[in-house]
Amino acid sequence: MQKIQIAERPDWRKEAEELGFSFADMHGEPYWDESSAYEFSLREIEEDIEDPSTALHAMCREAVAEIVQSEELLDKLGIPAEHFDLVRGSWQGGEPEIYGRFDLAYDGTGRAKLLEYNADTPTSLYESASFQWRWLEAQIEAGVLRETDDQFNGIHEALVERFKALFAPDTDLHFTAVAGNPEDYATVEAMGWAARAAGMGAHYTDLDKIGVTKEGQFADAEDRVIGVLFKLYPWEDLLRDDFAKHLTTSGCLMLEPAWKAVVSNKGLLPVLWQMFEGHPNLLPAFFHDDVAGALQGGTSTAAVAEAWGRSQDSFARGHVLKPLFSREGASISIVEAGKVTDRSPNADYEAHPKIVQAYHPLPEFDGFRPVIGSWIVGEACCGIGLREDRGRITQDLSRFKPHYIRD
């Protein structure tokens, strides 16, 4: 794994504008940044990222099966009690998943470590699946990259096959996101593009235009009943929304399904550590309430005492405090040797219950720290996208970087 300086394509911003990639620059900073790229070997991709990501996803599904059977865990993960049955029934009924994105720390020399799983509403799909592939093809054509260079990117093709596997041809699917957010719309449109390529009808509607019919069904702005809805709207918000009371009676299949509420949640991390302690791709993690006393020099709860004893040295060196629900690094802090050494300036999620995870520094390349977004479609890893940030906490001003494979 290396970061390589590469000449930017002279017309890439014009291309981005023509393609509707309107957020290639954000907040006065570049978001898409092709002044350099990350180079991987095929072995690094296959053995250190692809295979472990697929295995991590299987472990997450095992965790779901455990969580939905435990009201204690559902409560710890912040699922409202009135929706326990909805989440449990969604899993037990086999409601299908489409996609997710693991965020991994990896430097090319050791094991990739799971930082979190964006299992419900991961963005950066368009950049990962489409625009970075166009970059690769253009740079090969220009002779900047070699003809034998490749990219770990079968994301769009995997989405097309996933839709074909789940729905009959000509099935009408609806897609929704909060209006006025170009990044969210790009993600939803990338998903709709795959559905149309799979032979489906794909109808977009702004989230605030969805209503409820007299029969209790969801309908779009043109009064079309919604039978399948891909919503880029997090379950932790939807389950607290007035519309939640219609979920069980609407007859609408939600994508992602309700059971994703327990894996799109940082409470998944201590559950994974409890189930698979010592796994080489996991970092030690606990619910904060279970170890708050121990972090202050006292003791943990009895339920985690043995596991804490095996991990406490790691936490003494450093740990990260994360809310169950958080976006773009908000309300995250890093504690080293008992002192807060870094904190996100965005405290929007500060009131949520928290977990603690052993601190694993991100690698640094030319003053930036990359996080690898490892994409899962169905149950397998099919591509990556990279974001990098100057800070130790990846936030909303991170940059998306293309990558290629060279052997």
# chains A, B, ... in the order shown; residues from 1 in each chain; ligands from 1
>>> residues_around(residues="range 289-299 of chain A", least_positions_apart="4", cutoff="9 Å", atoms="only C-alpha atoms", output="list in words")
Ala303, Val304, Ala305, Trp308, Gln312, Phe315, Ala316, Gly338, Pro353, Lys354, Ile355 and Val356 of chain A
>>> select_by_dssp(residues="range 232-315 of chain A", states="alpha helix (DSSP H)", output="PyMOL selection string")
chain A and resi 235-238+268-275+288-295+305-315
>>> closest_residue(among="A:Asp206, A:Glu147, A:Glu157, A:Asp241", to="Trp193 in chain A", atoms="only C-alpha atoms")
A:Glu157
>>> closest_residue(among="A:Arg162, A:Lys245, A:Lys76, A:Arg101", to="Trp375 in chain A", atoms="only C-alpha atoms")
A:Arg101
>>> atom_distance(atom1="CA of His174 in chain A", atom2="CA of Tyr204 in chain A")
5.8 Å
>>> closest_residue(among="A:Thr121, A:Gln2, A:Gln69, A:Thr248", to="Ala261 in chain A", atoms="only C-alpha atoms")
A:Thr121
>>> atom_distance(atom1="CA of Ser53 in chain A", atom2="CA of Gly373 in chain A")
10.1 Å
>>> residues_around(residues="Glu95 in chain A", least_positions_apart="5", cutoff="12 Å", atoms="only C-alpha atoms", output="list in words")
Leu86, Val87, Arg88, Gly89, Ser90, Leu166, Val228, Cys252, Leu253, Met254, Leu255, Glu256, Pro257, Ala258, Trp259, Lys260 and Gly378 of chain A
>>> residues_around(residues="Thr394 in chain A", least_positions_apart="6", cutoff="10 Å", atoms="only C-alpha atoms", output="list in words")
Glu328, Gly329, Ala330, Ile332, Ser344, Leu362, Arg369, Pro370, Val371, Arg387 and Glu388 of chain A
>>> closest_residue(among="A:Glu66, A:Glu8, A:Glu141, A:Asp242", to="Ser36 in chain A", atoms="only C-alpha atoms")
A:Glu8
>>> residues_around(residues="range 126-129 of chain A", least_positions_apart="2", cutoff="8 Å", atoms="only C-alpha atoms", output="number ranges by chain")
A: 123-124, 131-133, 153-156, 186-187, 190, 383-385, 400
>>> closest_residue(among="A:Ala81, A:Ile405, A:Pro182, A:Thr109", to="Asp25 in chain A", atoms="only C-alpha atoms")
A:Pro182
>>> closest_residue(among="A:Tyr106, A:Gln151, A:Asp223, A:Pro284", to="Leu268 in chain A", atoms="only C-alpha atoms")
A:Pro284
>>> atom_distance(atom1="CA of Lys339 in chain A", atom2="CA of Glu364 in chain A")
22.3 Å
>>> select_by_dssp(residues="range 170-316 of chain A", states="strand (DSSP E or B)", output="ChimeraX atom specification")
/A:172-177,201-206,211-212,218-219,225,228-232,253-255,285-287
>>> write_last_selection(atoms="C-alpha atoms", output="PDB file, in the first residue's frame")
ATOM      1  CA  ASP A 172     -41.404  -1.201  -9.114  1.00  0.00           C
ATOM      2  CA  LEU A 173     -38.999   0.056  -6.454  1.00  0.00           C
ATOM      3  CA  HIS A 174     -39.051   3.425  -4.750  1.00  0.00           C
ATOM      4  CA  PHE A 175     -35.968   5.311  -3.570  1.00  0.00           C
ATOM      5  CA  THR A 176     -35.948   8.201  -1.135  1.00  0.00           C
ATOM      6  CA  ALA A 177     -33.618  10.593   0.684  1.00  0.00           C
ATOM      7  CA  GLY A 201     -38.745   0.276 -12.255  1.00  0.00           C
ATOM      8  CA  ALA A 202     -36.969   2.851 -10.084  1.00  0.00           C
ATOM      9  CA  HIS A 203     -38.924   5.854  -8.812  1.00  0.00           C
ATOM     10  CA  TYR A 204     -37.336   8.603  -6.710  1.00  0.00           C
ATOM     11  CA  THR A 205     -39.292  10.725  -4.248  1.00  0.00           C
ATOM     12  CA  ASP A 206     -38.122  13.174  -1.605  1.00  0.00           C
ATOM     13  CA  GLY A 211     -47.534  10.110   2.789  1.00  0.00           C
ATOM     14  CA  VAL A 212     -49.893   7.502   4.202  1.00  0.00           C
ATOM     15  CA  PHE A 218     -47.094   4.487   2.092  1.00  0.00           C
ATOM     16  CA  ALA A 219     -47.532   6.495  -1.114  1.00  0.00           C
ATOM     17  CA  VAL A 225     -48.512   2.975  -3.413  1.00  0.00           C
ATOM     18  CA  VAL A 228     -40.594  -1.609  -1.806  1.00  0.00           C
ATOM     19  CA  LEU A 229     -38.747   1.407  -0.454  1.00  0.00           C
ATOM     20  CA  PHE A 230     -35.002   2.010  -0.338  1.00  0.00           C
ATOM     21  CA  LYS A 231     -34.638   4.792   2.207  1.00  0.00           C
ATOM     22  CA  LEU A 232     -31.465   6.711   2.892  1.00  0.00           C
ATOM     23  CA  LEU A 253     -40.644  -3.882   2.301  1.00  0.00           C
ATOM     24  CA  MET A 254     -37.989  -1.520   3.637  1.00  0.00           C
ATOM     25  CA  LEU A 255     -34.447  -1.506   2.301  1.00  0.00           C
ATOM     26  CA  ALA A 285     -14.757  -2.849  22.649  1.00  0.00           C
ATOM     27  CA  PHE A 286     -17.218  -2.521  25.547  1.00  0.00           C
ATOM     28  CA  PHE A 287     -20.369  -0.643  26.407  1.00  0.00           C
TER      29      PHE A 287
END
>>> residues_around(residues="Met26 in chain A", least_positions_apart="3", cutoff="10 Å", atoms="only C-alpha atoms", output="PyMOL selection string")
chain A and resi 22-23+29-32+396-399
>>> write_last_selection(atoms="N, CA and C atoms", output="compact mmCIF listing (two decimals), in the first residue's frame")
# COMPACT_ATOMS: atom_id res chain seq x y z
N SER A 22 -21.98 17.07 -8.13
CA SER A 22 -21.97 18.47 -7.74
C SER A 22 -21.25 18.74 -6.43
N PHE A 23 -20.92 17.68 -5.70
CA PHE A 23 -20.27 17.87 -4.40
C PHE A 23 -18.80 17.44 -4.45
N GLU A 29 -13.35 23.20 0.12
CA GLU A 29 -12.27 22.21 0.10
C GLU A 29 -12.58 21.16 -0.96
N PRO A 30 -11.54 20.55 -1.56
CA PRO A 30 -11.82 19.44 -2.46
C PRO A 30 -12.34 18.23 -1.68
N TYR A 31 -13.38 17.63 -2.20
CA TYR A 31 -13.85 16.35 -1.64
C TYR A 31 -13.26 15.23 -2.49
N TRP A 32 -13.52 15.25 -3.79
CA TRP A 32 -12.84 14.33 -4.69
C TRP A 32 -11.44 14.89 -4.94
N ASP A 396 -16.35 15.49 8.34
CA ASP A 396 -17.08 15.83 7.13
C ASP A 396 -16.23 16.53 6.07
N LEU A 397 -15.00 16.94 6.40
CA LEU A 397 -14.11 17.55 5.42
C LEU A 397 -13.08 16.55 4.88
N SER A 398 -13.31 15.27 5.09
CA SER A 398 -12.39 14.27 4.56
C SER A 398 -12.43 14.29 3.03
N ARG A 399 -11.38 13.76 2.42
CA ARG A 399 -11.29 13.72 0.97
C ARG A 399 -11.44 12.29 0.47
>>> residues_around(residues="Ala65 in chain A", least_positions_apart="3", cutoff="9 Å", atoms="only C-alpha atoms", output="PyMOL selection string")
chain A and resi 60-62+68-69+88+91-92
